[in-house]
$ cat data-v6.cif   # mmCIF, C-alpha atoms and all ligand atoms
data_entry
loop_
_atom_site.label_atom_id
_atom_site.label_comp_id
_atom_site.auth_asym_id
_atom_site.auth_seq_id
_atom_site.Cartn_x
_atom_site.Cartn_y
_atom_site.Cartn_z
CA MET D 16 0.00 0.00 0.00
CA GLU D 17 2.89 2.34 0.74
CA LYS D 18 4.25 1.86 -2.76
CA LEU D 19 0.82 2.51 -4.24
CA ALA D 20 0.54 5.71 -2.26
CA GLN D 21 3.86 6.85 -3.79
CA ILE D 22 2.55 6.00 -7.25
CA ALA D 23 -0.65 7.88 -6.57
CA GLU D 24 1.40 10.93 -5.62
CA PHE D 25 3.50 10.55 -8.77
CA MET D 26 0.57 10.16 -11.14
CA GLY D 27 -1.89 12.47 -9.43
CA ASP D 28 -5.56 12.07 -10.32
CA GLU D 29 -4.71 9.89 -13.30
CA ILE D 30 -3.69 6.95 -11.09
CA ASP D 31 -7.00 7.00 -9.25
CA GLU D 32 -8.85 6.85 -12.49
CA HIS D 33 -6.65 4.15 -14.03
CA VAL D 34 -6.33 1.98 -10.93
CA SER D 35 -10.10 2.09 -10.44
CA LYS D 36 -10.50 1.09 -14.04
CA LEU D 37 -7.90 -1.66 -13.77
CA ARG D 38 -9.52 -3.04 -10.68
CA ALA D 39 -13.02 -2.84 -12.07
CA SER D 40 -11.90 -4.51 -15.30
CA CYS D 41 -10.81 -7.60 -13.37
CA CYS D 42 -13.21 -7.73 -10.47
CA PRO D 43 -16.79 -7.09 -11.50
CA VAL D 44 -18.22 -7.06 -8.01
CA ILE D 45 -16.73 -4.95 -5.24
CA SER D 46 -18.15 -5.73 -1.83
CA GLU D 47 -19.35 -3.02 0.52
CA ASP D 48 -16.45 -3.88 2.85
CA GLN D 49 -13.97 -3.39 0.02
CA LYS D 50 -15.57 -0.09 -0.92
CA ARG D 51 -15.40 1.09 2.71
CA ALA D 52 -11.72 0.11 2.77
CA GLY D 53 -11.17 2.24 -0.33
CA GLN D 54 -10.09 -0.76 -2.39
CA SER D 55 -12.09 0.29 -5.41
CA LYS D 56 -9.61 3.12 -5.78
CA MET D 57 -6.32 1.75 -4.56
CA GLU D 58 -6.04 -1.98 -4.96
CA LEU D 59 -4.38 -3.24 -8.09
CA PRO D 60 -5.09 -6.66 -9.60
CA ILE D 61 -1.65 -8.03 -8.76
CA TYR D 62 -0.94 -11.74 -9.14
CA GLN D 63 2.08 -13.28 -7.40
CA ALA D 64 3.33 -15.67 -10.07
CA ALA D 65 5.48 -18.55 -8.79
CA LEU D 66 8.83 -18.89 -10.58
CA PRO D 67 10.66 -22.22 -11.09
CA ASN D 68 13.29 -21.11 -8.53
CA GLY D 69 10.60 -20.73 -5.85
CA GLN D 70 10.60 -16.95 -5.94
CA ARG D 71 7.52 -14.87 -6.74
CA ARG D 72 6.99 -12.21 -9.38
CA ALA D 73 4.28 -9.58 -8.96
CA LEU D 74 2.35 -9.37 -12.24
CA LEU D 75 -0.34 -6.90 -13.16
CA LYS D 76 -3.04 -9.35 -14.25
CA THR D 77 -5.67 -7.50 -16.14
CA LEU D 78 -8.17 -7.47 -18.99
CA LEU D 79 -8.12 -5.11 -21.93
CA THR D 80 -11.87 -5.18 -21.66
CA SER D 81 -14.23 -6.82 -19.18
CA ALA D 82 -16.98 -6.72 -21.81
CA CYS D 83 -17.57 -10.16 -23.31
CA GLU D 84 -19.95 -11.47 -25.92
CA LYS D 85 -19.45 -15.13 -24.93
CA ASN D 86 -21.67 -16.95 -22.46
CA CYS D 87 -19.32 -19.32 -20.59
CA SER D 88 -21.48 -20.88 -17.89
CA TYR D 89 -19.07 -20.42 -14.98
CA CYS D 90 -17.64 -16.98 -15.72
CA SER D 91 -18.34 -13.75 -13.91
CA PHE D 92 -17.68 -11.77 -17.11
CA ARG D 93 -20.16 -13.72 -19.27
CA ALA D 94 -22.50 -11.74 -21.51
CA GLY D 95 -25.69 -10.65 -19.81
CA ARG D 96 -24.37 -10.32 -16.25
CA ASP D 97 -25.19 -6.94 -14.92
CA PHE D 98 -22.15 -4.93 -13.85
CA ARG D 99 -20.23 -1.98 -15.19
CA ARG D 100 -17.79 -3.12 -17.87
CA GLN D 101 -14.44 -1.41 -18.38
CA THR D 102 -12.50 -1.10 -21.62
CA PHE D 103 -8.98 0.22 -22.16
CA GLN D 104 -7.56 1.47 -25.41
CA PRO D 105 -4.28 -0.37 -26.17
CA ASP D 106 -2.11 2.74 -25.69
CA GLU D 107 -3.96 3.66 -22.50
CA LEU D 108 -3.31 0.27 -20.92
CA ALA D 109 0.29 0.17 -22.16
CA LYS D 110 1.07 3.58 -20.67
CA THR D 111 -0.66 2.83 -17.38
CA PHE D 112 1.25 -0.42 -17.02
CA ILE D 113 4.59 1.22 -17.87
CA GLN D 114 4.07 3.83 -15.17
CA LEU D 115 3.33 1.17 -12.57
CA TRP D 116 6.30 -0.90 -13.73
CA GLN D 117 8.69 2.07 -13.67
CA LYS D 118 7.65 2.78 -10.10
CA GLY D 119 8.30 -0.84 -9.10
CA ALA D 120 4.70 -1.68 -8.17
CA VAL D 121 4.71 -4.63 -10.60
CA LYS D 122 7.39 -6.71 -12.32
CA GLY D 123 5.47 -7.86 -15.35
CA LEU D 124 2.17 -7.98 -17.19
CA PHE D 125 -0.34 -10.81 -17.70
CA LEU D 126 -2.73 -9.48 -20.30
CA SER D 127 -6.03 -11.08 -21.25
CA SER D 128 -9.38 -9.82 -22.43
CA GLY D 129 -13.07 -10.53 -22.71
CA VAL D 130 -14.10 -11.24 -26.30
CA ALA D 131 -15.61 -8.11 -27.82
CA GLY D 132 -16.10 -7.78 -31.57
CA GLY D 133 -14.91 -11.35 -32.22
CA GLY D 134 -11.75 -13.27 -31.39
CA LEU D 135 -9.79 -11.83 -34.33
CA HIS D 136 -10.51 -8.23 -33.42
CA THR D 137 -9.86 -8.81 -29.72
CA GLN D 138 -6.56 -10.53 -30.48
CA ASP D 139 -5.54 -7.60 -32.67
CA ARG D 140 -6.09 -5.23 -29.75
CA LEU D 141 -4.03 -7.42 -27.43
CA LEU D 142 -1.26 -7.49 -30.04
CA ASP D 143 -1.51 -3.71 -30.49
CA THR D 144 -0.99 -3.29 -26.73
CA ALA D 145 2.02 -5.61 -26.79
CA GLU D 146 3.50 -3.81 -29.84
CA ILE D 147 3.15 -0.44 -28.10
CA LEU D 148 4.85 -1.80 -25.00
CA ARG D 149 7.73 -3.45 -26.84
CA LYS D 150 8.28 -1.08 -29.77
CA ARG D 151 7.14 2.37 -28.71
CA LEU D 152 7.75 2.26 -24.97
CA GLY D 153 10.76 -0.10 -25.10
CA TYR D 154 9.43 -2.38 -22.36
CA PRO D 155 11.97 -5.20 -21.89
CA GLY D 156 10.26 -7.10 -19.06
CA TYR D 157 7.96 -10.07 -18.62
CA LEU D 158 4.82 -10.27 -20.74
CA HIS D 159 2.24 -13.06 -20.70
CA LEU D 160 -0.26 -12.76 -23.54
CA LYS D 161 -3.51 -14.63 -23.78
CA ILE D 162 -4.58 -16.11 -27.13
CA MET D 163 -8.27 -15.53 -27.83
CA PRO D 164 -10.63 -18.24 -29.08
CA GLY D 165 -10.92 -17.72 -32.84
CA ALA D 166 -7.47 -16.11 -33.26
CA GLU D 167 -5.66 -16.80 -36.54
CA ARG D 168 -2.34 -18.54 -36.94
CA ALA D 169 -0.54 -15.32 -37.98
CA GLN D 170 -1.78 -13.65 -34.79
CA VAL D 171 -0.55 -16.56 -32.68
CA GLU D 172 2.86 -16.24 -34.34
CA ARG D 173 2.97 -12.48 -33.68
CA ALA D 174 2.07 -13.06 -30.03
CA MET D 175 4.92 -15.56 -29.82
CA GLN D 176 7.32 -12.93 -31.17
CA LEU D 177 6.32 -10.42 -28.50
CA ALA D 178 5.66 -12.42 -25.34
CA ASP D 179 7.58 -14.44 -22.77
CA ARG D 180 4.59 -16.71 -22.29
CA VAL D 181 1.41 -17.35 -24.29
CA SER D 182 -1.61 -19.23 -23.00
CA ILE D 183 -4.84 -20.63 -24.31
CA ASN D 184 -7.32 -21.84 -21.73
CA LEU D 185 -8.91 -25.16 -22.66
CA GLU D 186 -11.33 -24.93 -19.69
CA ALA D 187 -12.51 -28.55 -20.18
CA PRO D 188 -10.77 -31.79 -21.18
CA ASN D 189 -12.90 -32.62 -24.25
CA SER D 190 -15.67 -31.25 -26.46
CA GLN D 191 -18.51 -32.87 -24.54
CA ARG D 192 -17.41 -31.25 -21.29
CA LEU D 193 -16.62 -27.94 -22.98
CA ALA D 194 -20.20 -27.77 -24.27
CA ARG D 195 -21.35 -27.51 -20.66
CA LEU D 196 -18.81 -24.88 -19.65
CA ALA D 197 -18.45 -22.78 -22.78
CA PRO D 198 -21.16 -23.58 -25.34
CA GLN D 199 -19.94 -20.99 -27.84
CA LYS D 200 -16.36 -22.26 -27.99
CA GLY D 201 -15.22 -25.07 -30.27
CA MET D 202 -12.68 -27.43 -28.71
CA MET D 203 -10.67 -28.12 -31.84
CA GLU D 204 -11.02 -24.96 -33.90
CA ASP D 205 -10.88 -22.39 -31.09
CA LEU D 206 -8.62 -23.99 -28.50
CA ILE D 207 -6.60 -27.06 -29.56
CA SER D 208 -5.67 -25.69 -33.01
CA PRO D 209 -3.94 -22.55 -31.63
CA LEU D 210 -2.02 -24.72 -29.15
CA ARG D 211 -0.91 -26.93 -32.04
CA TRP D 212 0.14 -23.88 -34.06
CA VAL D 213 2.36 -22.77 -31.18
CA GLU D 214 4.12 -26.13 -31.25
CA GLU D 215 4.39 -26.14 -35.06
CA ILE D 216 5.84 -22.63 -35.15
CA ARG D 217 8.31 -23.55 -32.44
CA ARG D 218 9.48 -26.57 -34.44
CA LYS D 219 9.52 -24.89 -37.85
CA ASP D 220 11.20 -21.57 -37.15
CA SER D 221 14.39 -20.71 -35.36
CA PRO D 222 13.97 -19.46 -31.78
CA GLN D 223 15.70 -16.30 -33.06
CA HIS D 224 12.26 -15.23 -34.32
CA GLY D 225 10.94 -15.12 -30.76
CA TRP D 226 11.25 -12.32 -28.24
CA LYS D 227 14.89 -11.97 -27.12
CA GLY D 228 15.84 -14.88 -29.40
CA ARG D 229 13.71 -17.51 -27.72
CA TRP D 230 10.17 -18.76 -28.05
CA PRO D 231 7.71 -18.16 -25.22
CA SER D 232 6.59 -20.92 -22.90
CA THR D 233 3.00 -22.13 -23.25
CA THR D 234 0.39 -22.84 -20.60
CA THR D 235 -3.27 -23.68 -20.33
CA GLN D 236 -5.92 -23.84 -17.64
CA PHE D 237 -8.83 -26.12 -16.85
CA VAL D 238 -11.83 -25.16 -14.75
CA ALA D 239 -11.46 -28.28 -12.62
CA GLY D 240 -14.74 -29.69 -11.35
CA GLY D 241 -16.91 -27.35 -13.41
CA ALA D 242 -18.20 -29.70 -16.07
CA GLY D 243 -18.77 -32.93 -14.14
CA GLU D 244 -15.57 -34.29 -15.68
CA SER D 245 -13.46 -36.95 -13.99
CA ASP D 246 -9.80 -36.74 -13.06
CA ALA D 247 -9.12 -39.40 -15.70
CA GLU D 248 -10.56 -37.15 -18.42
CA LEU D 249 -8.49 -34.18 -17.22
CA LEU D 250 -5.27 -36.17 -16.92
CA GLN D 251 -5.65 -37.92 -20.26
CA THR D 252 -5.79 -34.54 -21.98
CA THR D 253 -3.01 -33.25 -19.74
CA ALA D 254 -0.76 -36.13 -20.83
CA TYR D 255 -1.38 -35.20 -24.48
CA LEU D 256 -0.59 -31.54 -23.75
CA HIS D 257 2.73 -32.40 -22.11
CA ASN D 258 3.83 -35.19 -24.45
CA SER D 259 2.73 -33.79 -27.81
CA LEU D 260 2.47 -30.03 -27.37
CA HIS D 261 5.16 -29.55 -24.70
CA LEU D 262 3.28 -27.18 -22.45
CA SER D 263 5.26 -25.73 -19.53
CA ARG D 264 2.36 -25.74 -17.13
CA VAL D 265 -1.20 -26.96 -16.90
CA TYR D 266 -3.27 -25.13 -14.29
CA TYR D 267 -6.35 -26.55 -12.59
CA SER D 268 -8.43 -23.61 -11.49
CA GLY D 269 -10.89 -25.05 -8.98
CA PHE D 270 -14.51 -24.43 -9.90
CA HIS D 271 -16.42 -22.09 -7.58
CA PRO D 272 -20.00 -21.15 -8.39
CA VAL D 273 -20.57 -17.53 -9.37
CA PRO D 274 -23.98 -15.94 -8.63
CA GLU D 275 -26.18 -15.22 -11.64
CA THR D 276 -24.53 -17.81 -13.83
CA PRO D 277 -26.05 -21.14 -15.02
CA LEU D 278 -23.75 -23.04 -12.63
CA GLU D 279 -24.51 -20.91 -9.56
CA ASN D 280 -26.06 -23.85 -7.68
CA GLU D 281 -23.27 -26.34 -8.37
CA GLN D 282 -20.80 -27.47 -5.69
CA ALA D 283 -17.36 -25.88 -5.44
CA ILE D 284 -14.46 -28.25 -5.99
CA ASN D 285 -12.93 -30.01 -2.99
CA PRO D 286 -9.48 -28.34 -2.59
CA TRP D 287 -7.93 -31.80 -2.07
CA ARG D 288 -9.05 -32.80 -5.54
CA GLN D 289 -7.27 -29.80 -7.01
CA ASN D 290 -4.18 -30.72 -4.99
CA ARG D 291 -4.19 -34.33 -6.28
CA LEU D 292 -4.56 -33.12 -9.87
CA TYR D 293 -1.47 -30.92 -9.49
CA GLN D 294 0.47 -33.83 -7.99
CA ALA D 295 -0.53 -36.07 -10.89
CA ASP D 296 0.35 -33.33 -13.38
CA PHE D 297 3.88 -33.00 -11.96
CA LEU D 298 4.28 -36.79 -12.19
CA LEU D 299 3.40 -36.62 -15.88
CA ARG D 300 5.63 -33.63 -16.56
CA ASP D 301 8.71 -34.20 -14.41
CA TYR D 302 8.72 -37.81 -13.18
CA GLY D 303 8.22 -39.86 -16.35
CA PHE D 304 4.77 -41.14 -15.37
CA ASP D 305 2.27 -42.11 -18.07
CA PHE D 306 -1.47 -41.64 -17.90
CA GLU D 307 -1.83 -45.44 -17.56
CA ASP D 308 0.18 -45.37 -14.32
CA PHE D 309 -2.54 -43.65 -12.32
CA CYS D 310 -5.01 -45.57 -10.15
CA PHE D 311 -8.54 -44.25 -10.57
CA ASP D 312 -11.63 -45.30 -8.66
CA LEU D 313 -14.81 -46.50 -10.37
CA THR D 314 -15.86 -42.90 -11.07
CA GLY D 315 -12.55 -42.16 -12.78
CA ASN D 316 -11.15 -40.07 -9.94
CA LEU D 317 -7.89 -40.18 -8.01
CA SER D 318 -7.95 -41.00 -4.32
CA LEU D 319 -8.34 -37.91 -2.15
CA GLU D 320 -6.63 -39.71 0.75
CA VAL D 321 -3.42 -40.93 -0.90
CA ASP D 322 -1.21 -38.99 -3.27
CA PRO D 323 -0.91 -40.58 -6.73
CA LYS D 324 2.80 -41.40 -6.43
CA LEU D 325 2.33 -43.20 -3.12
CA ALA D 326 -0.69 -45.06 -4.57
CA TRP D 327 1.47 -46.26 -7.49
CA ALA D 328 4.33 -47.27 -5.19
CA ARG D 329 2.05 -49.27 -2.88
CA ASP D 330 0.80 -51.24 -5.87
CA HIS D 331 4.16 -51.77 -7.58
CA LEU D 332 7.03 -51.45 -5.10
CA SER D 333 5.76 -52.83 -1.79
CA GLN D 334 6.71 -56.38 -2.76
CA ALA D 335 9.47 -55.37 -5.17
CA PRO D 336 11.50 -52.59 -3.54
CA LEU D 337 14.10 -50.80 -5.66
CA ASP D 338 17.78 -51.02 -4.86
CA ILE D 339 18.97 -47.47 -4.34
CA ASN D 340 22.50 -48.39 -5.43
CA GLN D 341 21.39 -49.92 -8.73
CA ALA D 342 18.17 -48.22 -9.84
CA GLU D 343 18.30 -45.98 -12.90
CA LEU D 344 17.14 -42.37 -12.83
CA SER D 345 13.67 -43.24 -14.19
CA ALA D 346 13.22 -45.87 -11.46
CA LEU D 347 14.47 -43.60 -8.67
CA LEU D 348 11.86 -41.04 -9.70
CA ARG D 349 9.13 -43.61 -9.00
CA ILE D 350 10.05 -43.81 -5.31
CA PRO D 351 7.99 -41.60 -2.95
CA GLY D 352 10.19 -39.06 -1.20
CA ILE D 353 12.64 -38.81 -4.11
CA GLY D 354 12.27 -35.90 -6.54
CA PRO D 355 14.32 -34.99 -9.61
CA ILE D 356 16.99 -33.18 -7.54
CA GLY D 357 17.29 -36.03 -5.03
CA ALA D 358 17.43 -38.66 -7.79
CA ARG D 359 20.29 -36.88 -9.54
CA ALA D 360 22.09 -36.39 -6.23
CA ILE D 361 21.86 -40.16 -5.62
CA LEU D 362 23.37 -40.90 -9.04
CA SER D 363 26.26 -38.49 -8.35
CA ALA D 364 26.86 -39.86 -4.86
CA ARG D 365 26.89 -43.45 -6.16
CA ARG D 366 29.90 -42.65 -8.34
CA LEU D 367 31.86 -42.05 -5.13
CA GLY D 368 30.75 -45.16 -3.30
CA LYS D 369 27.79 -47.22 -2.06
CA LEU D 370 24.95 -45.57 -0.15
CA LYS D 371 24.57 -47.64 2.99
CA GLY D 372 21.96 -46.10 5.25
CA LEU D 373 18.96 -43.77 5.46
CA GLU D 374 21.28 -41.10 6.85
CA ASP D 375 23.19 -41.09 3.55
CA LEU D 376 19.93 -40.53 1.68
CA LYS D 377 18.73 -37.85 4.08
CA ALA D 378 21.94 -35.91 3.43
CA LEU D 379 21.06 -35.96 -0.29
CA GLY D 380 17.64 -34.40 0.30
CA VAL D 381 15.55 -37.59 0.24
CA HIS D 382 12.42 -37.72 2.40
CA THR D 383 13.45 -41.01 3.98
CA THR D 384 10.23 -41.68 5.91
CA ARG D 385 8.33 -41.78 2.63
CA ALA D 386 11.01 -43.63 0.69
CA ALA D 387 11.97 -46.33 3.23
CA PRO D 388 9.10 -48.82 2.60
CA PHE D 389 9.96 -49.02 -1.10
CA ILE D 390 13.76 -49.32 -1.20
CA LEU D 391 16.70 -51.59 -0.55
CA LEU D 392 19.98 -50.26 0.80
CA ASP D 393 23.02 -52.43 0.45
CA GLY D 394 20.67 -55.24 -0.59
CA LYS D 395 18.45 -55.00 2.51
CA ARG D 396 15.26 -53.21 3.47
CA PRO D 397 16.06 -50.28 5.77
CA ALA D 398 15.65 -51.07 9.45
CA THR D 399 12.88 -48.55 10.04
CA GLN D 400 10.58 -49.96 7.42
CA LEU D 401 8.37 -52.25 9.50
CA SER D 402 7.46 -49.54 11.98
CA LEU D 403 6.19 -47.35 9.12
CA TRP D 404 3.38 -49.72 8.05
S1 LIG N 501 -14.78 -15.85 -23.19
FE1 LIG N 501 -13.58 -15.58 -21.33
S2 LIG N 501 -14.33 -13.68 -20.38
FE2 LIG N 501 -15.84 -14.31 -21.92
S3 LIG N 501 -17.37 -15.46 -20.78
FE3 LIG N 501 -15.90 -16.94 -21.60
S4 LIG N 501 -14.34 -17.21 -19.97
FE4 LIG N 501 -15.54 -15.34 -19.51
#

$ encode --input "data-v6.cif" --output "structure tokens" --more "lines below"
Ligand code: SF4
Amino acid sequence: MEKLAQIAEFMGDEIDEHVSKLRASCCPVISEDQKRAGQSKMELPIYQAALPNGQRRALLKTLLTSACEKNCSYCSFRAGRDFRRQTFQPDELAKTFIQLWQKGAVKGLFLSSGVAGGGLHTQDRLLDTAEILRKRLGYPGYLHLKIMPGAERAQVERAMQLADRVSINLEAPNSQRLARLAPQKGMMEDLISPLRWVEEIRRKDSPQHGWKGRWPSTTTQFVAGGAGESDAELLQTTAYLHNSLHLSRVYYSGFHPVPETPLENEQAINPWRQNRLYQADFLLRDYGFDFEDFCFDLTGNLSLEVDPKLAWARDHLSQAPLDINQAELSALLRIPGIGPIGARAILSARRLGKLKGLEDLKALGVHTTRAAPFILLDGKRPATQLSLW
């Protein structure tokens, strides 16, 4: 808040007007409490993005317009909901962002938009904003650009030349589920095709064509639990996204009912389900798991009680523990309590000599309580194992 006060002083009345507009563009309903606290004027839509190194980056996460002609069943911005919509001109948003960035209030921009005037037109306005930032204002920092449903291939390519990250939200794992969540969006033509173009462009052209000589990373998001879909449906599509389209991240935004939408009476997602989906996603992306490795119940869902890696290990390693001194990297990654860093540390340590006890593994960053039931050390099960079951 202190920083925002400094910015307000710097920008005078303009900041009040622009911050109010920014906030209103992203948050259609401001509660009476928020109004009393003055948040309608001062609070920016800042998103603390997690970086791979564990640090956080404050991004201004905003919409070019909160007007939308689509009728997605779960969305607070859907056409027909009654609230005051806000629209920025591309140069207006670019200049407002640059002022906030120069003052240190934010470290990057995550720019999306409601669909107004069609996907092509909306994408053009997003690209115009990015062009102004990069070319006219010389902005060198982080930019995440959303690809609109209905965007053309040339627009996707231009976004890839300007952004550090591009994203296309699938919302649902297949067309049947999408019809419930977003009846006006086509799974293949609006959502999967642009993701495929990103991968094709990346393969065809040199990374030199991308911003700062590299192509942007790609992400997507599901509205988990919004369409009655099972975990198996979500993870089957997730496996395709990682294996064939090489997405950096898949996000599972937990469904929460929004008043005055067709899904307002549906149940919010159990946070544990969201947690299990993320665990399974990391197993697919970083641990060499395949979709077929997961244990689903009769409804196609993961267990809420046991994490998916432990469930796999109980089925496959309880009677056939892995020898820590002989297992390959891919096998080490299957053991609960051993992540990619720990697995590589084990391989390095083995070159210097045998690992003999749990203390050796602990020193390498292994969570030994989780790993012990599924391993052999020096040909024997670790001494603590029986007490853990
Ligand atoms: S297109 Fe986007 S903003 Fe518009 S209703 Fe659907 S999810 Fe909401």

$ closest_atom_pairs --input "data-v6.cif" --of "chain D" --to "ligand LIG 501 (chain N)" --cutoff "6 Å" --atoms "only C-alpha atoms and all ligand atoms" --output "JSON lines"
{"residue": "D:Cys83", "atom": "CA", "partner": "N:LIG501", "partner_atom": "FE2", "distance": 4.7}
{"residue": "D:Lys85", "atom": "CA", "partner": "N:LIG501", "partner_atom": "S3", "distance": 4.7}
{"residue": "D:Asn86", "atom": "CA", "partner": "N:LIG501", "partner_atom": "S3", "distance": 4.9}
{"residue": "D:Cys87", "atom": "CA", "partner": "N:LIG501", "partner_atom": "FE3", "distance": 4.3}
{"residue": "D:Cys90", "atom": "CA", "partner": "N:LIG501", "partner_atom": "FE4", "distance": 4.6}
{"residue": "D:Phe92", "atom": "CA", "partner": "N:LIG501", "partner_atom": "FE4", "distance": 4.8}
{"residue": "D:Arg93", "atom": "CA", "partner": "N:LIG501", "partner_atom": "S3", "distance": 3.6}
{"residue": "D:Gly129", "atom": "CA", "partner": "N:LIG501", "partner_atom": "S2", "distance": 4.1}
{"residue": "D:Val130", "atom": "CA", "partner": "N:LIG501", "partner_atom": "S1", "distance": 5.6}

$ residues_around --input "data-v6.cif" --residues "D:Ser190" --least-positions-apart "4" --cutoff "9 Å" --atoms "only C-alpha atoms" --output "compact mmCIF listing (two decimals) with C-alpha atoms, in the coordinates of the input"
# COMPACT_ATOMS: atom_id res chain seq x y z
CA ALA D 194 -20.20 -27.77 -24.27
CA ARG D 195 -21.35 -27.51 -20.66
CA GLY D 201 -15.22 -25.07 -30.27
CA MET D 202 -12.68 -27.43 -28.71
CA MET D 203 -10.67 -28.12 -31.84

$ closest_residue --input "data-v6.cif" --among "D:Tyr89, D:Lys122, D:Gln170, D:Ala358" --to "D:Gly240" --atoms "all atoms listed in the file"
D:Tyr89

$ atom_distance --input "data-v6.cif" --atom1 "atom CA of D:Ala94" --atom2 "atom CA of D:Leu185"
19.1 Å

$ residues_near_point --input "data-v6.cif" --point "(20.0, -45.7, 2.9)" --cutoff "8 Å" --atoms "all atoms listed in the file" --output "number ranges by chain"
D: 339, 370-376, 391-393, 397

$ closest_residue --input "data-v6.cif" --among "D:Arg173, D:Arg385, D:Lys377, D:Lys36" --to "D:Gln101" --atoms "only C-alpha atoms"
D:Lys36

$ atom_distance --input "data-v6.cif" --atom1 "atom CA of D:Leu348" --atom2 "atom CA of D:Pro231"
28.0 Å

$ closest_residue --input "data-v6.cif" --among "D:Ala131, D:Val181, D:Val121, D:Ala328" --to "D:Arg100" --atoms "only C-alpha atoms"
D:Ala131

$ residues_around --input "data-v6.cif" --residues "D:Glu248" --least-positions-apart "6" --cutoff "8 Å" --atoms "only C-alpha atoms" --output "list in words"
Pro188, Asn189 and Gly315 of chain D

$ write_last_selection --input "data-v6.cif" --atoms "C-alpha atoms" --output "PDB file, in the frame of the given file"
ATOM      1  CA  PRO D 188     -10.770 -31.790 -21.180  1.00  0.00           C
ATOM      2  CA  ASN D 189     -12.900 -32.620 -24.250  1.00  0.00           C
ATOM      3  CA  GLY D 315     -12.550 -42.160 -12.780  1.00  0.00           C
TER       4      GLY D 315
END

$ atom_distance --input "data-v6.cif" --atom1 "atom CA of D:Leu78" --atom2 "atom CA of D:Leu206"
19.1 Å

$ closest_residue --input "data-v6.cif" --among "D:Ala346, D:Ala378, D:Ala169, D:Leu250" --to "D:Ala187" --atoms "only C-alpha atoms"
D:Leu250

$ closest_residue --input "data-v6.cif" --among "D:Thr234, D:Gln294, D:Ser81, D:Asn68" --to "D:Ser182" --atoms "all atoms listed in the file"
D:Thr234

$ closest_residue --input "data-v6.cif" --among "D:Asp305, D:Asp246, D:Glu275, D:Glu281" --to "D:Leu319" --atoms "all atoms listed in the file"
D:Asp246

$ residues_around --input "data-v6.cif" --residues "D:Ile61" --least-positions-apart "4" --cutoff "7 Å" --atoms "only C-alpha atoms" --output "PyMOL selection string"
chain D and resi 73-76

$ residues_around --input "data-v6.cif" --residues "D:Leu148" --least-positions-apart "4" --cutoff "12 Å" --atoms "only C-alpha atoms" --output "list in words"
Pro105, Asp106, Glu107, Leu108, Ala109, Lys110, Thr111, Phe112, Ile113, Gln114, Trp116, Gly123, Leu124, Leu126, Leu141, Leu142, Asp143, Thr144, Leu152, Gly153, Tyr154, Pro155, Gly156, Tyr157, Leu158, Leu177 and Ala178 of chain D

$ write_last_selection --input "data-v6.cif" --atoms "C-alpha atoms" --output "compact mmCIF listing (two decimals), in the frame of the given file"
# COMPACT_ATOMS: atom_id res chain seq x y z
CA PRO D 105 -4.28 -0.37 -26.17
CA ASP D 106 -2.11 2.74 -25.69
CA GLU D 107 -3.96 3.66 -22.50
CA LEU D 108 -3.31 0.27 -20.92
CA ALA D 109 0.29 0.17 -22.16
CA LYS D 110 1.07 3.58 -20.67
CA THR D 111 -0.66 2.83 -17.38
CA PHE D 112 1.25 -0.42 -17.02
CA ILE D 113 4.59 1.22 -17.87
CA GLN D 114 4.07 3.83 -15.17
CA TRP D 116 6.30 -0.90 -13.73
CA GLY D 123 5.47 -7.86 -15.35
CA LEU D 124 2.17 -7.98 -17.19
CA LEU D 126 -2.73 -9.48 -20.30
CA LEU D 141 -4.03 -7.42 -27.43
CA LEU D 142 -1.26 -7.49 -30.04
CA ASP D 143 -1.51 -3.71 -30.49
CA THR D 144 -0.99 -3.29 -26.73
CA LEU D 152 7.75 2.26 -24.97
CA GLY D 153 10.76 -0.10 -25.10
CA TYR D 154 9.43 -2.38 -22.36
CA PRO D 155 11.97 -5.20 -21.89
CA GLY D 156 10.26 -7.10 -19.06
CA TYR D 157 7.96 -10.07 -18.62
CA LEU D 158 4.82 -10.27 -20.74
CA LEU D 177 6.32 -10.42 -28.50
CA ALA D 178 5.66 -12.42 -25.34

$ residues_around --input "data-v6.cif" --residues "D:Gln236" --least-positions-apart "4" --cutoff "8 Å" --atoms "all atoms listed in the file" --output "list in words"
Ile183, Asn184, Leu185, Glu186, Val265, Tyr266, Tyr267 and Ser268 of chain D

$ axis_aligned_box --input "data-v6.cif" --around "stretch 310-329 of chain D" --padding-each-side "6 Å" --output "lines of an AutoDock Vina configuration file"
center_x = -5.8
center_y = -43.6
center_z = -6.0
size_x = 32.2
size_y = 23.4
size_z = 25.5
